[in-house]
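Take a look at the structure below.
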Amino acid sequence: MKAFRLVCCFLLVPVISATAAEQQLQIAAAADLQFVFLDLSARFQKETGHAIELTFGSSGNFFSQIQNGAPFDMFFSADVDYPGKLEAAGLVEPGTLSRYATGTVVLWSRKDSLIDVRRGLQTLVDNRVRRISIANPDYAPYGRAAVAALRREEIYDKIRNKLVLGENISQAAQFVESGNADIGILALSLAVAPPLKSKGIYYEIPTNLYPPIDQAVVILKSSKHKDIARQFLTFLKRPDIAEVMRTNGLNVPESQPQQRKARP
Amino acid sequence: MELSVNLQKRLSAKFTLDLRFSIPPGVTILFGESGSGKSTLLRCIAGLLTPDVGQIRVGDQILFDSQSRVNLPARERRVGFLFQNLALFPHLSVLRNIEYGLDGLNKTEAQQRTENILSSFRISGLRHHKPGEISGGERQRVALARALVTDPSVLMLDEPLSALDYPTQSQIIEDLRAWNIRHRIPILYVTHAQREVFALGQRVIVLQRGKILTEGTPLEVLETPTYESLAQLAGFENFFDATVISLNPASGTMLCRLTEAETEVELPLSKVQVGSDIRIAIRAGDILIAGEFPRLLSARNVIPAIILSLRREGAMMIAKTDAGRVFEVHLTPGACESLGLKPGRHVWLVIKTHSWRFVGGK
Amino acid sequence: MDWPAIVLSLKLSSVVCGLLLLIGMPIAYWVTYSRWRWKFLVEAVVALPIVLPPTVLGFYVLVAIGLRSPIGRAWASWTGHGLAFTFEGLVIASLLYSLPFAVQPIIVAFSQVDHELIEASSVLGASRVRTFLRIILPLSIDGVITGAVLSFAHTMGEFGVVLMVGGDIPGITRTISITIYDQVQRLDYAAANKTALLLLLFSFAVLSVIYALNRNSLATSLLRQQARE
C-alpha cells in the first residue's frame, strides 16, 4: 500500500529543527517589551553572534508555564512578584534576580478619535467612550496598574462595564489600534513604538496614581546557556543600550543593578 | 458423504429455528416462504451464525457441536456458499474472484483448477473483466465457479436464480446438474419458486416458521396430510380427489371423474392404472370463465358451473363456483363486470389439459 | 515568511496523521463491527474533541502530561525534562484533538462495505486479517484517505490546544497558526496577511482533493448500479 508507506516516511522525519533551536537563547518576555526587545536582540546578535529567540506574552502566563517546565533560559517579567515566586520555588539561578526597568502606563487613542486623551483620566467617563481595553488584571502587571490608577481616581466603578480585557498588554494595544476599543490603557513602551506612535496620541498617567511597575528578570536554573544569558543582561545595562530602552518608554535605573529579595 | 443438521436457534421471542435433517449427495431443495428461516439455516451451516444447541456434520467431520463445544470458524469449514446477491468482490477481476478461495494451494494446482472451472462454466473470456462489466447470467456463473473451485464438501445456494430470466435459469440449472454428476456432494438449494423445485430437486425439505413442515420427493411432499398449508405455499387453491376412467397414450392424456360428482376432466397422462384414485390440483388463476358456451376452443375441459359467491381482494376478484365440486377462480374486476357475473349465474369453466397437476396416487 | 513555523506545522501534521491512521483504523474497525451494547459510549468519547472547546482539551492534556502526573513524571525521569512545551507534548494533544477527524470518515467507509462480501470472504477461507486487507480496506480506501487528509489539515490549523500545551517556543512549538497570532499582536498585519493567506490556500487545496476523491467514488458506484441493471 503506497499511501501507508508514504505515511511511515513522515513518521521517520527526525526532530532536527528542535535541536537546532536549542542552540539559541530562549527568552520569555513580557508583552510590553514587544518592540524594544526585537530591536535589541538583533543588535545583540550582530555584536556577539549569539541568536535570541523571543516569545512575548503576559507575565502571569509565563509564570505558570515556567512552573510547569517550559524550556526558557530567561524570563523578563513586567513585575517583581512573579520572578520572586519563581526564585522562592527554587527554579531560578541564584543571584540572577534583578530589576531591569520600570514601566509607565499611558492612555492611548487613535489620531482620528473624537476623544483627546491628553485631557486625562476623566476622558474615560465620557459617554462617547464605549470600550476601554486594558490587559487582564488577573495576571498582567500592566492591567493591575491600570485598575489601581482607575480606583485611585475613583472612576473604576463608573467605567468597569466598558472594560475589554486583553490577554496581555500587546493584545490590549491591538484592540484599540484596530478600532475595536475606543481608548486603551497601555504600556508607554508600546505607545512610543513605530506602529502605534504614528497612529495615535497618548497621555502619561500620573505615577502617583499607581504602584511603580518595577520589572525584574531572572535566569532560570534549567537554562543550558546561562553564560550567554548573563552576557545579555550585561549588554542591557550598558549605558548606550540603557538609553535605547529609555527612549522606548522603559525607565532603566542609572546606578548598579540592585539585588532585590522578593517577598514570597 | 451426508450433511447432517440438528440445530436450535432462538431468533426472537416468537421465532425459534428448530430443525433436524440429513441430506445425501445430490440436490436437495429447501423450500419455504420468506421469513421461514432459510437464510439463517444456511448461515449456521456455513459458520457465519452460531446455533444455540445442536450438531452439524458433514460425513465424519463435525463442523459444530454444542455439547463438545466444537465450533469451526467459517473459513475452516470448506463450505461453498452462493449468496442471494452473489457477493462478488467488485474491485477484483473475475479471475481474482475465482482464485480468492485458493490461497492455501500451490500455484500450479491453483492455476489448473481455475482454468478447468473457467472453461466448465464457459467464462474463460471474461477473466479480466470486473463483475460490474458482465451480464447477470455471467455473474451468476462466476459466483458458482468461485464457490465450486475450492472443492467444497457441501454447497449451498441461496435463491440463486431469482433475478434471472427463464432461459438463463435453465442454462445454469444444467451447469449445476453437470457439475453435480461429476462431484457428488450434498447441495442445499434454497428457493421459493416451484419451477425450480420440479426442475432440480431430487428431494424437497419444506420449511415453515423455523420448523420442517415435511420432506420427501417433490411429489411425495405435495401429497402429505399437511397439504393445505403447503398448498398455500405452492400457490394452489383447488384440490380434488378423482378416479381414473380411461387412459389415452396416443394423445398423452387421461380422463378422470371427480369423486362424488359427475364432472369429468382431462389431464396429462401419468403412470397410473385405470380405476385408481388420485389427487389432482389446479390453480385458481389457471381457470377461465366463459359467459356462454365457447366454440372452437383448444381447451379440452369445458365444465358448466354456477357462481356461488364473488369477493374482491385487492386487484383481484375471487369467485367460488359449483361445478359438481367447488372451484375457486381468480379473475380481474374488469372481466367480472363485462361478463356481468353475479351469484347464481350459469357460466362455463374453461381449463387447459396441462393446467391440471397430478399430485400423486392415494 | 516564518519558515521554521511552517516546517514545524507540516512535521506535526504528518506525524499526527500517520499515528492517527495506525491507531484510528483499529478503533474504526472495532466501532464498525462490534455489537457491544455500550458501544455508543465509545463512539461519544471518540467524537468528544469535535465539540469540546480547545481550552478544555488543552487543560486536560496539560493536567495529564504535566510534571505532577504519572505520565509527566515518567517522561521527566526518562528524558530529564517535562512533556509540556515539547513537540512530543503537541503530538499527544493533537492526537486527541484530531482523532474524530481521522476515525469518523473511516468508520463511515467501513460500514459501507457490503456485509455479504465479508461473509463471502470468510466462507472462502480468508482469515479476518486477510479479509480486512484484501476486501474491507480496498473498498473503503477513499474513506481512509479522507480521514488522513482531514486529520492532517485539522492539525495544521490547531491553535488553542497547541498554545496551551506547547507554549509559543520558536522552532519547537510555535506552529504557523501561532505565528499569525504573534504577528497580529505585533501589529504586523502585512506579515499576518501573508501567513494567513498561505494557510487558507493550503486548506482549500486539501478540501478540493477530498471532494474530488468523493466525486470519483460516487461516479463509479453509480456506474456499477447501472451495470447491474
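Residue numbers start at 1 in each chain; chains themselves are named A, B, ... in the order of the C-alpha cells; ligands are numbered from 1 in the order shown.
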Nearby residues (only C-alpha atoms) at most 6 Å from stretch 154-164 of chain A, same-chain spacing under 2 positions excluded, as a PyMOL selection string: chain A and resi 130-133+150-152
Export of the given selection (N, CA and C atoms) as a short mmCIF file (atom, residue, chain, number, x, y, z; two decimals), in the first residue's frame:
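Saved file result_33.cif follows:
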```
data_model
loop_
_atom_site.label_atom_id
_atom_site.label_comp_id
_atom_site.auth_asym_id
_atom_site.auth_seq_id
_atom_site.Cartn_x
_atom_site.Cartn_y
_atom_site.Cartn_z
N ARG A 130 -17.01 53.98 24.51
CA ARG A 130 -17.84 52.81 24.83
C ARG A 130 -17.01 51.62 25.29
N ARG A 131 -15.77 51.50 24.74
CA ARG A 131 -14.96 50.36 25.16
C ARG A 131 -13.55 50.81 25.47
N ILE A 132 -13.05 50.34 26.62
CA ILE A 132 -11.70 50.68 27.06
C ILE A 132 -10.92 49.37 27.20
N SER A 133 -9.79 49.26 26.48
CA SER A 133 -9.06 48.00 26.58
C SER A 133 -7.91 48.12 27.56
N LEU A 150 -7.22 53.55 38.13
CA LEU A 150 -8.64 53.85 37.97
C LEU A 150 -9.33 53.95 39.33
N ARG A 151 -8.91 53.07 40.24
CA ARG A 151 -9.52 53.12 41.56
C ARG A 151 -9.10 54.39 42.31
N ARG A 152 -7.81 54.70 42.19
CA ARG A 152 -7.32 55.91 42.87
C ARG A 152 -8.08 57.14 42.38
#
```
Surrounding residues of stretch 23-29 of chain A excluding itself and chain neighbours under 3 positions, 9 Å, only C-alpha atoms, as an mmCIF file with N, CA and C atoms, in the first residue's frame:
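And here's out-v1.cif as it stands now:
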```cif
data_model
loop_
_atom_site.group_PDB
_atom_site.id
_atom_site.type_symbol
_atom_site.label_atom_id
_atom_site.label_comp_id
_atom_site.auth_asym_id
_atom_site.auth_seq_id
_atom_site.Cartn_x
_atom_site.Cartn_y
_atom_site.Cartn_z
ATOM 1 N N THR A 19 16.374 20.475 17.707
ATOM 2 C CA THR A 19 17.728 20.528 18.278
ATOM 3 C C THR A 19 18.442 21.790 17.825
ATOM 4 N N ALA A 20 18.176 22.225 16.615
ATOM 5 C CA ALA A 20 18.792 23.464 16.147
ATOM 6 C C ALA A 20 18.344 24.630 17.015
ATOM 7 N N ASP A 32 5.083 44.038 27.018
ATOM 8 C CA ASP A 32 5.402 45.452 26.803
ATOM 9 C C ASP A 32 6.779 45.618 26.175
ATOM 10 N N LEU A 33 7.546 44.536 26.155
ATOM 11 C CA LEU A 33 8.877 44.591 25.563
ATOM 12 C C LEU A 33 8.844 44.218 24.080
ATOM 13 N N GLN A 34 7.631 44.090 23.586
ATOM 14 C CA GLN A 34 7.390 43.602 22.233
ATOM 15 C C GLN A 34 8.290 44.232 21.181
ATOM 16 N N PHE A 37 12.594 44.881 22.453
ATOM 17 C CA PHE A 37 13.452 43.705 22.503
ATOM 18 C C PHE A 37 13.744 43.138 21.119
ATOM 19 N N HIS A 50 25.460 35.707 18.966
ATOM 20 C CA HIS A 50 24.512 34.784 19.603
ATOM 21 C C HIS A 50 23.083 35.144 19.200
ATOM 22 N N ALA A 51 22.313 34.132 18.752
ATOM 23 C CA ALA A 51 20.928 34.392 18.347
ATOM 24 C C ALA A 51 20.002 34.273 19.558
ATOM 25 N N ILE A 52 18.974 35.097 19.540
ATOM 26 C CA ILE A 52 17.989 35.079 20.633
ATOM 27 C C ILE A 52 16.614 34.792 20.051
ATOM 28 N N GLU A 53 15.905 33.851 20.639
ATOM 29 C CA GLU A 53 14.517 33.585 20.244
ATOM 30 C C GLU A 53 13.601 34.181 21.303
ATOM 31 N N LEU A 54 12.695 35.045 20.860
ATOM 32 C CA LEU A 54 11.831 35.742 21.799
ATOM 33 C C LEU A 54 10.406 35.216 21.727
ATOM 34 N N THR A 55 9.829 35.025 22.888
ATOM 35 C CA THR A 55 8.410 34.725 22.966
ATOM 36 C C THR A 55 7.771 35.779 23.856
ATOM 37 N N PHE A 56 6.786 36.503 23.316
ATOM 38 C CA PHE A 56 6.129 37.546 24.098
ATOM 39 C C PHE A 56 4.791 37.064 24.607
ATOM 40 N N GLY A 57 4.426 37.528 25.781
ATOM 41 C CA GLY A 57 3.136 37.145 26.328
ATOM 42 C C GLY A 57 2.918 37.828 27.658
ATOM 43 N N SER A 58 1.927 37.372 28.398
ATOM 44 C CA SER A 58 1.682 38.002 29.690
ATOM 45 C C SER A 58 2.565 37.339 30.741
ATOM 46 N N SER A 59 3.011 38.128 31.699
ATOM 47 C CA SER A 59 3.933 37.630 32.717
ATOM 48 C C SER A 59 3.317 36.484 33.506
ATOM 49 N N PHE A 62 3.535 33.223 31.554
ATOM 50 C CA PHE A 62 4.885 32.662 31.554
ATOM 51 C C PHE A 62 5.212 32.044 32.902
ATOM 52 N N PRO A 71 10.750 25.416 28.641
ATOM 53 C CA PRO A 71 12.209 25.471 28.485
ATOM 54 C C PRO A 71 12.781 26.845 28.142
ATOM 55 N N PHE A 72 12.472 27.866 28.922
ATOM 56 C CA PHE A 72 13.064 29.179 28.664
ATOM 57 C C PHE A 72 14.389 29.305 29.397
ATOM 58 N N ASP A 73 15.273 30.174 28.861
ATOM 59 C CA ASP A 73 16.537 30.435 29.557
ATOM 60 C C ASP A 73 16.405 31.617 30.498
ATOM 61 N N MET A 74 15.676 32.648 30.039
ATOM 62 C CA MET A 74 15.492 33.838 30.861
ATOM 63 C C MET A 74 14.034 34.258 30.830
ATOM 64 N N PHE A 75 13.618 34.953 31.891
ATOM 65 C CA PHE A 75 12.243 35.411 31.964
ATOM 66 C C PHE A 75 12.264 36.879 32.341
ATOM 67 N N PHE A 76 11.867 37.746 31.386
ATOM 68 C CA PHE A 76 11.737 39.173 31.674
ATOM 69 C C PHE A 76 10.284 39.439 32.013
ATOM 70 N N SER A 77 10.002 39.615 33.324
ATOM 71 C CA SER A 77 8.618 39.826 33.742
ATOM 72 C C SER A 77 8.285 41.310 33.707
ATOM 73 N N ALA A 78 6.985 41.615 33.782
ATOM 74 C CA ALA A 78 6.591 43.019 33.871
ATOM 75 C C ALA A 78 6.376 43.415 35.315
ATOM 76 N N SER A 223 18.351 26.508 32.616
ATOM 77 C CA SER A 223 18.921 27.015 31.372
ATOM 78 C C SER A 223 20.241 26.328 31.043
ATOM 79 N N LYS A 224 20.425 26.080 29.759
ATOM 80 C CA LYS A 224 21.689 25.472 29.318
ATOM 81 C C LYS A 224 22.622 26.521 28.720
ATOM 82 N N HIS A 225 22.166 27.780 28.770
ATOM 83 C CA HIS A 225 23.001 28.826 28.172
ATOM 84 C C HIS A 225 23.169 29.985 29.133
ATOM 85 N N LYS A 226 23.476 29.674 30.376
ATOM 86 C CA LYS A 226 23.486 30.718 31.400
ATOM 87 C C LYS A 226 24.522 31.788 31.089
ATOM 88 N N ILE A 228 25.522 32.914 28.134
ATOM 89 C CA ILE A 228 25.002 33.848 27.137
ATOM 90 C C ILE A 228 23.956 34.747 27.770
ATOM 91 N N ALA A 229 23.160 34.140 28.691
ATOM 92 C CA ALA A 229 22.122 34.927 29.361
ATOM 93 C C ALA A 229 22.753 36.064 30.156
ATOM 94 N N ILE C 169 7.048 28.366 21.783
ATOM 95 C CA ILE C 169 8.508 28.296 21.760
ATOM 96 C C ILE C 169 8.948 28.200 20.305
ATOM 97 N N PRO C 170 9.663 29.219 19.830
ATOM 98 C CA PRO C 170 10.046 29.232 18.412
ATOM 99 C C PRO C 170 10.836 27.981 18.061
#
```
Atom-to-atom span, atom CA of B:Gly324 and atom CA of B:Thr259, Å: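 If I compute the distance from atom CA of B:Gly324 to atom CA of B:Thr259, I get 9.3 Å.
Picture a line from atom CA of B:Pro90 to atom CA of C:Phe101; it runs 27.7 Å.
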Length of the atom CA of C:His115 to atom CA of B:Ile212 vector [Å]: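 Atom CA of B:Ile212 lies at a distance of 28.2 Å from atom CA of C:His115.
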Selection: 12 Å around B:Leu339, only C-alpha atoms, excl. self and same-chain fewer than 4 positions, as a ChimeraX atom specification: /B:288-292,331-335,345-348
Kindly save the residues from that selection, with N, CA and C atoms included, as a short mmCIF file (atom, residue, chain, number, x, y, z; two decimals), in the first residue's frame.
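And here's out_12.cif as it stands now:
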```cif
data_model
loop_
_atom_site.label_atom_id
_atom_site.label_comp_id
_atom_site.auth_asym_id
_atom_site.auth_seq_id
_atom_site.Cartn_x
_atom_site.Cartn_y
_atom_site.Cartn_z
N LEU B 288 -60.44 -20.27 -16.65
CA LEU B 288 -61.14 -19.18 -17.32
C LEU B 288 -62.64 -19.35 -17.15
N ILE B 289 -63.34 -18.23 -17.18
CA ILE B 289 -64.81 -18.28 -17.12
C ILE B 289 -65.37 -17.77 -18.43
N ALA B 290 -66.30 -18.53 -18.98
CA ALA B 290 -66.98 -18.07 -20.21
C ALA B 290 -68.43 -17.78 -19.88
N GLY B 291 -68.93 -16.65 -20.37
CA GLY B 291 -70.32 -16.27 -20.11
C GLY B 291 -71.32 -17.08 -20.93
N GLU B 292 -70.85 -17.60 -22.08
CA GLU B 292 -71.70 -18.51 -22.86
C GLU B 292 -70.84 -19.64 -23.36
N LEU B 331 -60.22 -13.84 -11.25
CA LEU B 331 -60.30 -13.02 -12.45
C LEU B 331 -60.21 -11.54 -12.08
N THR B 332 -60.10 -10.71 -13.13
CA THR B 332 -59.98 -9.28 -12.85
C THR B 332 -61.38 -8.70 -12.63
N PRO B 333 -61.44 -7.63 -11.85
CA PRO B 333 -62.74 -6.97 -11.64
C PRO B 333 -63.36 -6.51 -12.97
N GLY B 334 -62.49 -6.11 -13.88
CA GLY B 334 -62.98 -5.67 -15.18
C GLY B 334 -63.69 -6.79 -15.93
N ALA B 335 -63.04 -7.99 -15.88
CA ALA B 335 -63.66 -9.15 -16.57
C ALA B 335 -64.99 -9.50 -15.92
N ARG B 345 -75.48 -17.04 -11.41
CA ARG B 345 -75.32 -17.01 -12.88
C ARG B 345 -74.73 -18.32 -13.38
N HIS B 346 -75.24 -18.81 -14.52
CA HIS B 346 -74.67 -20.01 -15.15
C HIS B 346 -73.49 -19.61 -16.02
N VAL B 347 -72.39 -20.29 -15.83
CA VAL B 347 -71.21 -19.99 -16.62
C VAL B 347 -70.54 -21.31 -17.03
N TRP B 348 -69.42 -21.20 -17.83
CA TRP B 348 -68.63 -22.38 -18.14
C TRP B 348 -67.21 -22.15 -17.69
#
```
In stretch 5-142 of chain C, DSSP alpha helix (DSSP H) residues written as a ChimeraX atom specification: /C:5-33,39-51,54-65,70-79,87-111,115-123,128-131,137-139,141-142
Near chain C, which residues of chain B fall within 9 Å when you count only C-alpha atoms, and what do they look like as a PDB file with C-alpha atoms, in the first residue's frame?
```pdb
ATOM      1  CA  ALA B  46     -21.638 -22.048   6.797  1.00  0.00           C
ATOM      2  CA  GLY B  47     -20.425 -20.950  10.207  1.00  0.00           C
ATOM      3  CA  LEU B  48     -21.473 -17.323   9.857  1.00  0.00           C
ATOM      4  CA  PRO B  73     -14.974 -20.894  12.152  1.00  0.00           C
ATOM      5  CA  ALA B  74     -16.447 -20.302   8.700  1.00  0.00           C
ATOM      6  CA  ARG B  75     -13.099 -20.196   6.990  1.00  0.00           C
ATOM      7  CA  GLU B  76     -12.243 -23.747   8.068  1.00  0.00           C
ATOM      8  CA  ARG B  77     -15.495 -25.390   7.073  1.00  0.00           C
ATOM      9  CA  ARG B  78     -14.910 -25.923   3.342  1.00  0.00           C
ATOM     10  CA  VAL B  79     -18.462 -24.978   2.574  1.00  0.00           C
ATOM     11  CA  GLY B  80     -19.417 -23.473  -0.763  1.00  0.00           C
ATOM     12  CA  PHE B  81     -21.961 -20.667  -0.464  1.00  0.00           C
ATOM     13  CA  LEU B  82     -23.707 -18.850  -3.273  1.00  0.00           C
ATOM     14  CA  PHE B  83     -25.211 -15.718  -1.757  1.00  0.00           C
ATOM     15  CA  ASN B  85     -26.812 -11.165  -4.123  1.00  0.00           C
ATOM     16  CA  LEU B  86     -23.803 -13.172  -5.314  1.00  0.00           C
ATOM     17  CA  ALA B  87     -21.346 -11.131  -3.193  1.00  0.00           C
ATOM     18  CA  LEU B  88     -18.791 -10.969  -5.977  1.00  0.00           C
ATOM     19  CA  PHE B  89     -15.879  -8.727  -4.972  1.00  0.00           C
ATOM     20  CA  PRO B  90     -16.485  -5.633  -7.118  1.00  0.00           C
ATOM     21  CA  HIS B  91     -12.903  -4.425  -7.117  1.00  0.00           C
ATOM     22  CA  TYR B 100      -9.732 -15.951  -3.910  1.00  0.00           C
ATOM     23  CA  GLY B 101     -10.535 -19.161  -2.082  1.00  0.00           C
ATOM     24  CA  LEU B 102      -7.465 -20.987  -3.376  1.00  0.00           C
ATOM     25  CA  ASP B 103      -4.965 -19.109  -1.241  1.00  0.00           C
ATOM     26  CA  GLY B 104      -3.603 -22.168   0.550  1.00  0.00           C
ATOM     27  CA  PRO B 131     -18.140  -8.047 -12.028  1.00  0.00           C
ATOM     28  CA  GLY B 132     -19.718  -4.729 -12.880  1.00  0.00           C
ATOM     29  CA  GLU B 133     -18.825  -5.191 -16.538  1.00  0.00           C
ATOM     30  CA  ILE B 134     -20.548  -8.510 -17.245  1.00  0.00           C
ATOM     31  CA  SER B 135     -24.145  -9.649 -17.562  1.00  0.00           C
ATOM     32  CA  GLY B 136     -26.357 -11.088 -14.813  1.00  0.00           C
ATOM     33  CA  ARG B 146     -15.889 -19.214  -7.227  1.00  0.00           C
ATOM     34  CA  ALA B 147     -17.799 -21.339  -4.746  1.00  0.00           C
ATOM     35  CA  THR B 150     -12.431 -24.651  -3.706  1.00  0.00           C
TER      36      THR B 150
END
```
Test item: residues at most 8 Å from stretch 181-195 of chain A, only C-alpha atoms, excluding those fewer than 3 positions along its chain, as a PyMOL selection string: (chain A and resi 32-36+103-110+113+124+129-135+142+146+164+169-170+172-173+175-178+198-199+202+204+248-250) or (chain C and resi 187)
